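Visitor: This is the content of structure.cif (mmCIF, C-alpha atoms, pLDDT in the B column; chains and numbers go by the auth columns):
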data_upload
loop_
_atom_site.group_PDB
_atom_site.id
_atom_site.type_symbol
_atom_site.label_atom_id
_atom_site.label_comp_id
_atom_site.label_asym_id
_atom_site.label_seq_id
_atom_site.Cartn_x
_atom_site.Cartn_y
_atom_site.Cartn_z
_atom_site.B_iso_or_equiv
_atom_site.auth_seq_id
_atom_site.auth_asym_id
ATOM 1 C CA MET A 1 -24.609 2.700 17.628 37.00 1 A
ATOM 2 C CA ILE A 2 -22.383 -0.309 18.279 42.00 2 A
ATOM 3 C CA ARG A 3 -19.459 -0.502 15.889 50.00 3 A
ATOM 4 C CA THR A 4 -18.609 -4.126 15.315 60.00 4 A
ATOM 5 C CA GLY A 5 -15.754 -5.425 13.255 91.00 5 A
ATOM 6 C CA LEU A 6 -13.474 -2.525 14.146 95.00 6 A
ATOM 7 C CA THR A 7 -10.946 -4.640 15.990 96.00 7 A
ATOM 8 C CA GLU A 8 -10.952 -7.333 13.288 96.00 8 A
ATOM 9 C CA TRP A 9 -10.042 -4.590 10.825 97.00 9 A
ATOM 10 C CA ALA A 10 -7.661 -2.609 13.057 98.00 10 A
ATOM 11 C CA TYR A 11 -5.317 -5.338 14.329 98.00 11 A
ATOM 12 C CA PRO A 12 -4.088 -6.577 10.923 97.00 12 A
ATOM 13 C CA LEU A 13 -3.721 -3.001 9.681 98.00 13 A
ATOM 14 C CA ALA A 14 -1.613 -1.956 12.680 98.00 14 A
ATOM 15 C CA GLU A 15 0.422 -5.151 12.482 98.00 15 A
ATOM 16 C CA SER A 16 1.141 -4.631 8.773 98.00 16 A
ATOM 17 C CA LEU A 17 2.433 -1.109 9.446 98.00 17 A
ATOM 18 C CA LEU A 18 4.364 -1.658 12.687 98.00 18 A
ATOM 19 C CA SER A 19 5.462 -5.248 13.283 98.00 19 A
ATOM 20 C CA GLY A 20 8.177 -5.378 10.607 98.00 20 A
ATOM 21 C CA PRO A 21 9.813 -1.956 10.744 98.00 21 A
ATOM 22 C CA LEU A 22 9.004 -1.146 14.402 98.00 22 A
ATOM 23 C CA PRO A 23 8.556 -4.368 16.404 98.00 23 A
ATOM 24 C CA ARG A 24 8.887 -2.668 19.776 98.00 24 A
ATOM 25 C CA ARG A 25 6.255 -0.074 18.816 98.00 25 A
ATOM 26 C CA TRP A 26 4.028 -3.010 17.766 98.00 26 A
ATOM 27 C CA GLN A 27 4.495 -4.634 21.184 98.00 27 A
ATOM 28 C CA HIS A 28 3.602 -1.337 22.851 98.00 28 A
ATOM 29 C CA SER A 29 0.450 -1.053 20.723 98.00 29 A
ATOM 30 C CA LEU A 30 -0.575 -4.600 21.636 98.00 30 A
ATOM 31 C CA GLY A 31 -0.143 -3.697 25.312 98.00 31 A
ATOM 32 C CA VAL A 32 -2.191 -0.515 24.942 98.00 32 A
ATOM 33 C CA ALA A 33 -4.981 -2.556 23.339 98.00 33 A
ATOM 34 C CA GLU A 34 -4.742 -5.045 26.203 98.00 34 A
ATOM 35 C CA ARG A 35 -5.208 -2.169 28.695 98.00 35 A
ATOM 36 C CA ALA A 36 -8.260 -1.086 26.674 98.00 36 A
ATOM 37 C CA ARG A 37 -9.811 -4.509 27.177 97.00 37 A
ATOM 38 C CA THR A 38 -9.303 -4.203 30.943 96.00 38 A
ATOM 39 C CA ILE A 39 -11.531 -1.111 31.095 97.00 39 A
ATOM 40 C CA ALA A 40 -14.101 -2.274 28.535 96.00 40 A
ATOM 41 C CA ALA A 41 -16.842 -2.669 31.159 93.00 41 A
ATOM 42 C CA MET A 42 -16.985 1.074 31.796 94.00 42 A
ATOM 43 C CA LEU A 43 -17.192 1.920 28.091 95.00 43 A
ATOM 44 C CA GLY A 44 -20.266 -0.023 27.061 94.00 44 A
ATOM 45 C CA GLU A 45 -20.821 0.167 23.337 94.00 45 A
ATOM 46 C CA ASP A 46 -17.628 2.231 22.860 96.00 46 A
ATOM 47 C CA ALA A 47 -15.350 -0.574 24.131 97.00 47 A
ATOM 48 C CA GLU A 48 -14.514 -1.874 20.671 97.00 48 A
ATOM 49 C CA LEU A 49 -13.981 1.663 19.389 97.00 49 A
ATOM 50 C CA LEU A 50 -11.405 2.292 22.124 98.00 50 A
ATOM 51 C CA GLU A 51 -9.615 -1.006 21.507 98.00 51 A
ATOM 52 C CA ALA A 52 -9.377 -0.262 17.767 98.00 52 A
ATOM 53 C CA ALA A 53 -7.955 3.196 18.482 98.00 53 A
ATOM 54 C CA ALA A 54 -5.551 1.676 21.024 98.00 54 A
ATOM 55 C CA ILE A 55 -4.042 -0.781 18.562 98.00 55 A
ATOM 56 C CA LEU A 56 -3.798 1.956 15.903 98.00 56 A
ATOM 57 C CA HIS A 57 -2.702 4.926 18.032 98.00 57 A
ATOM 58 C CA ASP A 58 0.999 4.802 17.061 98.00 58 A
ATOM 59 C CA ILE A 59 0.806 3.847 13.369 98.00 59 A
ATOM 60 C CA GLY A 60 1.991 7.361 12.472 98.00 60 A
ATOM 61 C CA TYR A 61 5.498 6.220 13.452 98.00 61 A
ATOM 62 C CA ALA A 62 5.524 3.761 10.536 98.00 62 A
ATOM 63 C CA PRO A 63 8.209 4.872 8.054 96.00 63 A
ATOM 64 C CA ASP A 64 5.774 4.897 5.122 95.00 64 A
ATOM 65 C CA LEU A 65 3.328 7.137 7.011 97.00 65 A
ATOM 66 C CA ALA A 66 5.686 9.590 8.724 94.00 66 A
ATOM 67 C CA LYS A 67 5.234 12.782 6.722 95.00 67 A
ATOM 68 C CA SER A 68 4.955 15.655 9.203 95.00 68 A
ATOM 69 C CA GLY A 69 7.127 14.030 11.886 93.00 69 A
ATOM 70 C CA PHE A 70 4.195 14.231 14.321 97.00 70 A
ATOM 71 C CA HIS A 71 2.852 10.705 14.646 98.00 71 A
ATOM 72 C CA PRO A 72 -0.716 11.471 15.849 98.00 72 A
ATOM 73 C CA LEU A 73 -1.297 13.690 12.811 98.00 73 A
ATOM 74 C CA ASP A 74 0.405 11.314 10.360 98.00 74 A
ATOM 75 C CA GLY A 75 -1.504 8.316 11.696 98.00 75 A
ATOM 76 C CA ALA A 76 -4.856 10.110 11.650 98.00 76 A
ATOM 77 C CA ARG A 77 -4.319 11.363 8.098 98.00 77 A
ATOM 78 C CA TYR A 78 -3.494 7.878 6.903 98.00 78 A
ATOM 79 C CA LEU A 79 -6.546 6.438 8.638 98.00 79 A
ATOM 80 C CA ARG A 80 -8.796 9.129 7.159 98.00 80 A
ATOM 81 C CA ASP A 81 -7.348 9.419 3.650 98.00 81 A
ATOM 82 C CA VAL A 82 -6.065 5.929 2.848 98.00 82 A
ATOM 83 C CA ALA A 83 -7.755 3.452 5.185 97.00 83 A
ATOM 84 C CA HIS A 84 -11.092 5.339 5.262 97.00 84 A
ATOM 85 C CA ALA A 85 -11.421 4.469 8.927 97.00 85 A
ATOM 86 C CA ASP A 86 -14.291 5.179 11.266 96.00 86 A
ATOM 87 C CA SER A 87 -14.146 8.920 11.995 97.00 87 A
ATOM 88 C CA ARG A 88 -14.211 8.386 15.760 98.00 88 A
ATOM 89 C CA VAL A 89 -11.170 6.091 15.586 98.00 89 A
ATOM 90 C CA VAL A 90 -9.399 8.715 13.470 98.00 90 A
ATOM 91 C CA ARG A 91 -10.154 11.465 15.996 98.00 91 A
ATOM 92 C CA LEU A 92 -8.946 9.338 18.907 98.00 92 A
ATOM 93 C CA VAL A 93 -5.671 8.561 17.134 98.00 93 A
ATOM 94 C CA ALA A 94 -5.215 12.245 16.260 98.00 94 A
ATOM 95 C CA HIS A 95 -5.680 13.391 19.841 98.00 95 A
ATOM 96 C CA HIS A 96 -4.235 10.560 21.905 98.00 96 A
ATOM 97 C CA SER A 97 -2.274 11.256 25.084 97.00 97 A
ATOM 98 C CA CYS A 98 -2.389 15.059 25.127 97.00 98 A
ATOM 99 C CA ALA A 99 -1.347 15.308 21.474 98.00 99 A
ATOM 100 C CA TRP A 100 -2.542 18.913 21.325 97.00 100 A
ATOM 101 C CA MET A 101 0.287 19.930 23.656 96.00 101 A
ATOM 102 C CA GLU A 102 2.930 18.314 21.485 97.00 102 A
ATOM 103 C CA ALA A 103 1.252 19.744 18.380 98.00 103 A
ATOM 104 C CA GLU A 104 1.478 23.186 19.953 96.00 104 A
ATOM 105 C CA ALA A 105 5.203 22.711 20.628 95.00 105 A
ATOM 106 C CA ARG A 106 5.674 21.716 16.976 97.00 106 A
ATOM 107 C CA GLY A 107 3.604 24.598 15.606 97.00 107 A
ATOM 108 C CA LEU A 108 0.945 22.131 14.413 97.00 108 A
ATOM 109 C CA ARG A 109 -1.886 22.653 16.899 97.00 109 A
ATOM 110 C CA GLU A 110 -4.105 24.671 14.553 97.00 110 A
ATOM 111 C CA GLU A 111 -3.553 22.106 11.802 96.00 111 A
ATOM 112 C CA LEU A 112 -4.372 19.190 14.125 98.00 112 A
ATOM 113 C CA GLU A 113 -7.479 20.765 15.587 97.00 113 A
ATOM 114 C CA SER A 114 -8.855 22.107 12.299 97.00 114 A
ATOM 115 C CA GLU A 115 -8.524 18.732 10.584 97.00 115 A
ATOM 116 C CA PHE A 116 -9.603 16.543 13.495 98.00 116 A
ATOM 117 C CA PRO A 117 -12.210 17.566 16.056 97.00 117 A
ATOM 118 C CA ARG A 118 -11.675 16.015 19.468 96.00 118 A
ATOM 119 C CA GLU A 119 -13.547 12.917 20.522 96.00 119 A
ATOM 120 C CA THR A 120 -15.503 12.783 23.799 96.00 120 A
ATOM 121 C CA PRO A 121 -13.449 13.499 26.934 96.00 121 A
ATOM 122 C CA GLU A 122 -14.319 10.072 28.380 97.00 122 A
ATOM 123 C CA LEU A 123 -12.797 8.262 25.404 98.00 123 A
ATOM 124 C CA THR A 124 -9.830 10.621 25.140 98.00 124 A
ATOM 125 C CA ASP A 125 -9.125 10.005 28.829 98.00 125 A
ATOM 126 C CA ALA A 126 -9.515 6.257 28.348 98.00 126 A
ATOM 127 C CA LEU A 127 -6.985 6.115 25.494 98.00 127 A
ATOM 128 C CA CYS A 128 -4.526 8.276 27.449 98.00 128 A
ATOM 129 C CA TYR A 129 -4.953 5.928 30.426 98.00 129 A
ATOM 130 C CA CYS A 130 -4.214 2.886 28.257 98.00 130 A
ATOM 131 C CA ASP A 131 -1.174 4.466 26.574 98.00 131 A
ATOM 132 C CA MET A 132 0.342 5.875 29.759 98.00 132 A
ATOM 133 C CA ASN A 133 -0.086 2.603 31.649 98.00 133 A
ATOM 134 C CA THR A 134 1.898 0.629 29.050 98.00 134 A
ATOM 135 C CA THR A 135 5.681 0.393 28.646 98.00 135 A
ATOM 136 C CA PRO A 136 7.405 0.547 25.253 97.00 136 A
ATOM 137 C CA ASP A 137 7.574 -3.277 25.420 97.00 137 A
ATOM 138 C CA GLY A 138 3.832 -3.626 26.044 98.00 138 A
ATOM 139 C CA THR A 139 3.832 -4.509 29.723 98.00 139 A
ATOM 140 C CA ALA A 140 1.778 -2.766 32.380 98.00 140 A
ATOM 141 C CA THR A 141 3.226 0.229 34.206 98.00 141 A
ATOM 142 C CA ASN A 142 1.918 3.391 35.843 98.00 142 A
ATOM 143 C CA PRO A 143 1.750 6.906 34.396 98.00 143 A
ATOM 144 C CA VAL A 144 4.479 8.374 36.627 98.00 144 A
ATOM 145 C CA ASP A 145 6.998 5.727 35.564 98.00 145 A
ATOM 146 C CA ARG A 146 5.839 6.023 31.952 98.00 146 A
ATOM 147 C CA VAL A 147 6.338 9.794 31.873 98.00 147 A
ATOM 148 C CA ASN A 148 9.779 9.376 33.472 97.00 148 A
ATOM 149 C CA GLU A 149 10.676 6.703 30.909 97.00 149 A
ATOM 150 C CA ILE A 150 9.637 8.941 28.002 97.00 150 A
ATOM 151 C CA ALA A 151 11.515 11.956 29.374 97.00 151 A
ATOM 152 C CA GLY A 152 14.578 9.786 29.969 96.00 152 A
ATOM 153 C CA ARG A 153 14.465 8.199 26.527 96.00 153 A
ATOM 154 C CA TYR A 154 14.215 11.503 24.647 96.00 154 A
ATOM 155 C CA GLY A 155 16.120 13.700 27.089 96.00 155 A
ATOM 156 C CA PRO A 156 14.676 16.336 29.416 91.00 156 A
ATOM 157 C CA ASP A 157 15.515 19.256 27.137 94.00 157 A
ATOM 158 C CA SER A 158 14.214 17.676 23.929 97.00 158 A
ATOM 159 C CA LEU A 159 10.888 18.691 22.411 96.00 159 A
ATOM 160 C CA ILE A 160 9.345 15.385 23.596 96.00 160 A
ATOM 161 C CA GLY A 161 10.941 15.617 27.034 96.00 161 A
ATOM 162 C CA THR A 162 9.615 19.146 27.508 96.00 162 A
ATOM 163 C CA PHE A 163 6.169 18.229 26.153 97.00 163 A
ATOM 164 C CA ILE A 164 5.754 15.137 28.342 97.00 164 A
ATOM 165 C CA ARG A 165 6.659 17.057 31.499 97.00 165 A
ATOM 166 C CA ARG A 166 4.192 19.788 30.528 97.00 166 A
ATOM 167 C CA ALA A 167 1.533 17.139 29.837 98.00 167 A
ATOM 168 C CA GLU A 168 2.212 15.160 33.024 98.00 168 A
ATOM 169 C CA PRO A 169 -0.443 16.879 35.188 98.00 169 A
ATOM 170 C CA GLU A 170 -3.115 16.263 32.527 98.00 170 A
ATOM 171 C CA ILE A 171 -1.948 12.665 32.014 98.00 171 A
ATOM 172 C CA LEU A 172 -2.267 12.044 35.753 98.00 172 A
ATOM 173 C CA ALA A 173 -5.666 13.781 35.885 98.00 173 A
ATOM 174 C CA SER A 174 -6.845 11.711 32.903 97.00 174 A
ATOM 175 C CA THR A 175 -5.769 8.532 34.625 97.00 175 A
ATOM 176 C CA ALA A 176 -7.504 9.565 37.852 97.00 176 A
ATOM 177 C CA ARG A 177 -10.760 10.245 35.987 98.00 177 A
ATOM 178 C CA VAL A 178 -10.625 6.815 34.341 98.00 178 A
ATOM 179 C CA LEU A 179 -9.948 5.095 37.656 97.00 179 A
ATOM 180 C CA GLU A 180 -12.886 6.965 39.237 96.00 180 A
ATOM 181 C CA ARG A 181 -15.212 5.928 36.398 95.00 181 A
ATOM 182 C CA LEU A 182 -13.948 2.360 36.575 95.00 182 A
ATOM 183 C CA ALA A 183 -14.537 2.205 40.334 93.00 183 A
ATOM 184 C CA ALA A 184 -18.057 3.630 39.902 91.00 184 A
ATOM 185 C CA THR A 185 -18.805 1.040 37.204 88.00 185 A
ATOM 186 C CA GLU A 186 -17.586 -1.782 39.430 82.00 186 A
ATOM 187 C CA ARG A 187 -19.767 -0.544 42.327 77.00 187 A
ATOM 188 C CA GLN A 188 -22.948 -0.611 40.238 71.00 188 A
ATOM 189 C CA PRO A 189 -25.213 -3.590 40.907 63.00 189 A
ATOM 190 C CA MET A 190 -25.671 -6.012 38.072 54.00 190 A
#
Using structure tokens, write down the structure that the file contains.

Guide:
Amino acid sequence: MIRTGLTEWAYPLAESLLSGPLPRRWQHSLGVAERARTIAAMLGEDAELLEAAAILHDIGYAPDLAKSGFHPLDGARYLRDVAHADSRVVRLVAHHSCAWMEAEARGLREELESEFPRETPELTDALCYCDMNTTPDGTATNPVDRVNEIAGRYGPDSLIGTFIRRAEPEILASTARVLERLAATERQPM
């Protein structure tokens, strides 16, 4: 089933939550959505779904939404309970970029996974790829530099610094899987 209208709905919602209080986070989200558009060809009918999740993935940082202090969970709860979003978008936001590992470090993994089943591995990989190939300012980067930037920003011994280093092998594997799928899509005859 093709979900149309998701991006027309998602962009203004994300902008309303992030652009004022967190302009840099808004720029990052715009960049992540831009990365999603660059891999749309390999996603077929799920391309718009991924782009909507990409623009919304960090809304849990918005001051009005931050309840648990864990942005994937806060964003997904808002999307489910308040915005009544498409359930697949909600699941992608809840589990973006190895969120289960950070949830585990925060003692929230059971809560995250019981409330939000994971989306397909292909889409989870795709959103991780988009997020980890985008700087905080929204420009393109690579996952190694992105992980280093995150660890540097939060500090190597912080919860986030420890989580991102633990997640690094999976982030790199996710990115590799997306690049392999993208290359296979580009090799297919039209």

Visitor: Applying 9 Å and all atoms listed in the file, which residues near Met42 in chain A remain after dropping the ones on its own chain fewer than 6 positions away? List them as JSON, numbers by chain.

Guide: {"A": [178, 181, 182, 183, 184, 185, 186]}

Visitor: Determine the residue membership of the PyMOL selection byres ((chain A and resi 135) around 10) for the file above and supply it as a PyMOL selection string.

Guide: chain A and resi 24-25+27-29+31-32+131-134+136-143+145-147+149-150

Visitor: When you look at range 161-171 of chain A with a cut-off of 10 Å (counting only C-alpha atoms), what residues show up, excluding the ones that are within fewer than 2 positions of it in the same chain? I need them as a VMD selection string.

Guide: chain A and resid 97 to 106 125 128 to 129 131 to 132 143 to 144 146 to 159 173 to 177

Visitor: Would you compute the distance between CA of Glu45 in chain A and CA of His95 in chain A? Give it in Å to one decimal.

Guide: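 Going from CA of Glu45 in chain A over to CA of His95 in chain A, I get 20.4 Å.
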
Visitor: Which residue is closest to Ala76 in chain A? Choose from A:Leu30, A:Cys130, A:Val93, A:Ala47 and count only C-alpha atoms.

Guide: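 Looking at the shortest contact to Ala76 in chain A, the residue is A:Val93.
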
Visitor: I'd like to know which of A:Arg88, A:Glu8, A:Gln188, A:Ser114 is closest to Asp46 in chain A, using all atoms listed in the file.

Guide: A:Arg88

Visitor: From the options A:Leu43, A:Ile59, A:Leu112, A:Ala52, which residue's atoms come nearest to Leu73 in chain A, counting all atoms listed in the file?

Guide: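 Closest to Leu73 in chain A, using all atoms listed in the file: A:Leu112.
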
Visitor: Between CA of Tyr78 in chain A and CA of Leu65 in chain A, what distance in Å does the model show, to one decimal?

Guide: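 Computing it gives 6.9 Å between the two atoms.
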
Visitor: Quick one, how far is CA of Leu56 in chain A from CA of Leu179 in chain A?

Guide: 22.8 Å

Visitor: Would you pick out the contacts of His84 in chain A at 12 Å or less, using all atoms listed in the file, so that residues sharing its chain but fewer than 4 positions from it are not included, and give the list as number ranges by chain?

Guide: A: 9-10, 13, 75-80, 88-90

Visitor: Using all atoms listed in the file, pick whichever of A:Ala126, A:Leu49, A:Leu18, A:Ala62 has the shortest atom-to-atom distance to Arg35 in chain A.

Guide: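 The shortest atom-to-atom distance to Arg35 in chain A comes from A:Ala126.
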
Visitor: When distances are computed from only C-alpha atoms, which of A:Ala14, A:Glu51, A:Glu115, A:Trp26 shows the smallest separation from Thr38 in chain A?

Guide: A:Glu51

Visitor: Enclose range 21-30 of chain A, meaning all of its atoms listed in the file, in a box aligned along x, y and z, pad it by 6 Å on each side, and list the centre and edge lengths in Å to one decimal, as lines of an AutoDock Vina configuration file.

Guide:
center_x = 4.6
center_y = -2.4
center_z = 16.8
size_x = 22.4
size_y = 16.6
size_z = 24.1
